[in-house]
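**Student:** Can you read through this structure? Questions will come right after.
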Amino acid sequence: SQELEQSPQSLIVQEGKNLTINCTSSKTLYGLYWYKQKYGEGLIFLMMLQKGGEEKSHEKITAKLDEKKQQSSLHITASQPSHAGIYLCGARNNNDMRFGAGTRLTVKP
Amino acid sequence: ETGVTQSPTHLIKTRGQQVTLRCSSQSGHNTVSWYQQALGQGPQFIFQYYREEENGRGNFPPRFSGLQFPNYSSELNVNALELDDSALYLCASSLAGGETQYFGPGTRLLVL
């Protein structure tokens, strides 16, 4: 089955700094989802990447998909306290979705 | 447009008891998936329902069962609760099995 590994596990940054979160798959990626989760709450859909080389942006968050490396990265520019939370990558596996363990982001004001 | 809702928000049960969790899918969505998320881990797929039929199942024992109703709302039932069943239970709805899943706020279950 497909395994997703996220790095780093946790990240503490100063407000205004840029950061990158990585997600690496053990199998070919046919679609990669990024979600954000506040502690103990549901997942908020951020974006989906389907094609190799695809890049999407939403406000200050940009995600890229590198199919050859079976990897996706999520980049946040000029981080704000509102960006704090757990970022999860997910990949389709037939009818279900497999998730990484998440990256916990703390943004210090 | 109404988002995914779940009830109850929190629940405390004792080992051996049974529990039913409920989920209302987003308006227009006919597919519901259930996930279990233990502390510090990503969500683990339990099963999916499409048009009232189970449409895929993860590595969970038969004491985890579900239902989907004609209005596409869904229930997750867990029998003979074990301590390890303590987790956040998430449901997600989508237009179809392969589409983007939108998640509810979750039900936090504590088994004592």
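In the structure tokens, chains take letters A, B, ... by order of appearance, with residues numbered from 1 within each chain and ligands from 1 in the order shown.
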What lies within 9 Å of Ala101 of chain A using only C-alpha atoms, ignoring chain neighbours under 5 positions off, as a ChimeraX atom specification?

**Tutor:** /A:4-6,9,87-89 /B:40-43

**Student:** Do you have, as CSV, the list of residues of chain B lying at most 8 Å from chain A, each with its nearest atom pair and that distance in Å to one decimal, counting only C-alpha atoms and ordered by chain then number?

**Tutor:**
residue,atom,partner,partner_atom,distance
B:Ser33,CA,A:Asp96,CA,7.6
B:Gly40,CA,A:Ala101,CA,7.0
B:Gln41,CA,A:Ala101,CA,4.6
B:Gly42,CA,A:Ala101,CA,4.2
B:Pro43,CA,A:Phe99,CA,6.2
B:Gln44,CA,A:Arg98,CA,7.0
B:Phe45,CA,A:Asp96,CA,6.3
B:Phe47,CA,A:Asp96,CA,7.7
B:Gln48,CA,A:Asp96,CA,7.3
B:Asn55,CA,A:Asn95,CA,7.3
B:Gly56,CA,A:Asn95,CA,6.1
B:Gly58,CA,A:Asp96,CA,8.0
B:Leu88,CA,A:Gly40,CA,7.2
B:Leu90,CA,A:Gly42,CA,6.8
B:Gly97,CA,A:Asn95,CA,5.7
B:Gly98,CA,A:Asn95,CA,6.5
B:Thr100,CA,A:Met48,CA,7.9
B:Gln101,CA,A:Phe45,CA,7.9
B:Tyr102,CA,A:Phe45,CA,6.6
B:Phe103,CA,A:Leu43,CA,5.6
B:Gly104,CA,A:Gly42,CA,5.4
B:Pro105,CA,A:Gly42,CA,3.9
B:Gly106,CA,A:Gly42,CA,5.6
B:Arg108,CA,A:Gly40,CA,7.9

**Student:** Rounded to one decimal in Å, what is the spacing between atom CA of Ile76 of chain A and atom CA of Lys27 of chain A?

**Tutor:**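 Computed distance, atom CA of Ile76 of chain A to atom CA of Lys27 of chain A, equals 25.7 Å.
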
**Student:** Could you pull out the strand (DSSP E or B) residues of segment 45-91 of chain A, going by DSSP on the backbone, and write them as number ranges by chain?

**Tutor:** A: 45-49, 55-58, 61-66, 71-76, 85-91

**Student:** Which distance in Å separates atom CA of Leu74 of chain A and atom CA of Gln14 of chain A, to one decimal?

**Tutor:**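 Between atom CA of Leu74 of chain A and atom CA of Gln14 of chain A the gap is 17.4 Å.
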
**Student:** Counting only C-alpha atoms, what is within 8 Å of Pro8 of chain B, bar same-chain residues fewer than 5 positions away, as a VMD selection string?

**Tutor:** chain B and resid 21 to 22 107

**Student:** Write to file, as a PDB file, in the first residue's frame, the residues of the selection just made, with all heavy atoms.

**Tutor:**
ATOM      1  N   LEU B  21     -21.891   6.978  15.579  1.00  0.00           N
ATOM      2  CA  LEU B  21     -21.521   8.338  15.198  1.00  0.00           C
ATOM      3  C   LEU B  21     -22.251   8.691  13.908  1.00  0.00           C
ATOM      4  O   LEU B  21     -22.461   7.833  13.048  1.00  0.00           O
ATOM      5  CB  LEU B  21     -20.002   8.435  14.980  1.00  0.00           C
ATOM      6  CG  LEU B  21     -19.122   7.885  16.090  1.00  0.00           C
ATOM      7  CD1 LEU B  21     -17.647   8.086  15.758  1.00  0.00           C
ATOM      8  CD2 LEU B  21     -19.459   8.500  17.428  1.00  0.00           C
ATOM      9  N   ARG B  22     -22.621   9.967  13.776  1.00  0.00           N
ATOM     10  CA  ARG B  22     -23.436  10.375  12.635  1.00  0.00           C
ATOM     11  C   ARG B  22     -22.767  11.452  11.800  1.00  0.00           C
ATOM     12  O   ARG B  22     -22.002  12.274  12.323  1.00  0.00           O
ATOM     13  CB  ARG B  22     -24.801  10.854  13.120  1.00  0.00           C
ATOM     14  CG  ARG B  22     -25.614   9.720  13.737  1.00  0.00           C
ATOM     15  CD  ARG B  22     -26.950  10.165  14.300  1.00  0.00           C
ATOM     16  NE  ARG B  22     -27.699   9.017  14.778  1.00  0.00           N
ATOM     17  CZ  ARG B  22     -27.557   8.452  15.971  1.00  0.00           C
ATOM     18  NH1 ARG B  22     -26.676   8.953  16.818  1.00  0.00           N
ATOM     19  NH2 ARG B  22     -28.287   7.407  16.314  1.00  0.00           N
ATOM     20  N   THR B 107     -15.709  13.716  15.445  1.00  0.00           N
ATOM     21  CA  THR B 107     -16.240  13.325  16.760  1.00  0.00           C
ATOM     22  C   THR B 107     -15.087  12.740  17.544  1.00  0.00           C
ATOM     23  O   THR B 107     -14.436  11.789  17.099  1.00  0.00           O
ATOM     24  CB  THR B 107     -17.350  12.265  16.637  1.00  0.00           C
ATOM     25  OG1 THR B 107     -18.485  12.823  16.006  1.00  0.00           O
ATOM     26  CG2 THR B 107     -17.742  11.727  18.019  1.00  0.00           C
TER      27      THR B 107
END

**Student:** Using only C-alpha atoms, find the one residue out of A:Leu105, A:Leu49, A:Leu32, A:Ala78 that sits nearest to Lys17 of chain A.

**Tutor:**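 Smallest separation from Lys17 of chain A among the options: A:Ala78.
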
**Student:** Might you pull out every residue within 10 Å of Gly53 of chain A, with only C-alpha atoms counted and same-chain residues fewer than 4 positions away left off, and present them as an mmCIF file with N, CA, C and O atoms, in the first residue's frame?

**Tutor:**
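Produced file out11.cif, reproduced below:
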data_model
loop_
_atom_site.group_PDB
_atom_site.id
_atom_site.type_symbol
_atom_site.label_atom_id
_atom_site.label_comp_id
_atom_site.auth_asym_id
_atom_site.auth_seq_id
_atom_site.Cartn_x
_atom_site.Cartn_y
_atom_site.Cartn_z
ATOM 1 N N LEU A 49 -3.173 18.531 -6.540
ATOM 2 C CA LEU A 49 -2.259 18.538 -7.686
ATOM 3 C C LEU A 49 -2.391 17.213 -8.397
ATOM 4 O O LEU A 49 -2.386 16.155 -7.769
ATOM 5 N N LYS A 64 3.636 22.258 -5.086
ATOM 6 C CA LYS A 64 4.169 21.724 -6.337
ATOM 7 C C LYS A 64 4.174 20.204 -6.288
ATOM 8 O O LYS A 64 4.319 19.607 -5.221
ATOM 9 N N LEU A 65 4.061 19.587 -7.477
ATOM 10 C CA LEU A 65 4.112 18.134 -7.562
ATOM 11 C C LEU A 65 5.244 17.717 -8.489
ATOM 12 O O LEU A 65 5.288 18.139 -9.648
ATOM 13 N N ASP A 66 6.140 16.911 -7.983
ATOM 14 C CA ASP A 66 7.233 16.353 -8.787
ATOM 15 C C ASP A 66 6.963 14.855 -8.917
ATOM 16 O O ASP A 66 7.286 14.089 -8.018
ATOM 17 N N GLU A 67 6.374 14.465 -10.034
ATOM 18 C CA GLU A 67 5.985 13.059 -10.215
ATOM 19 C C GLU A 67 7.173 12.124 -10.229
ATOM 20 O O GLU A 67 7.137 11.029 -9.697
ATOM 21 N N LYS A 68 8.260 12.564 -10.891
ATOM 22 C CA LYS A 68 9.446 11.706 -11.005
ATOM 23 C C LYS A 68 10.030 11.392 -9.638
ATOM 24 O O LYS A 68 10.460 10.273 -9.366
ATOM 25 N N SER A 72 5.862 15.974 -3.216
ATOM 26 C CA SER A 72 5.206 17.263 -3.309
ATOM 27 C C SER A 72 5.745 18.163 -2.207
ATOM 28 O O SER A 72 6.139 17.680 -1.133
#

**Student:** Find the residue from A:Ser26, A:Ser73, A:Ser7, A:Thr20 that sits nearest to Lys56 of chain A; use only C-alpha atoms when measuring.

**Tutor:**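 Distance minimum relative to Lys56 of chain A lands on A:Ser73.
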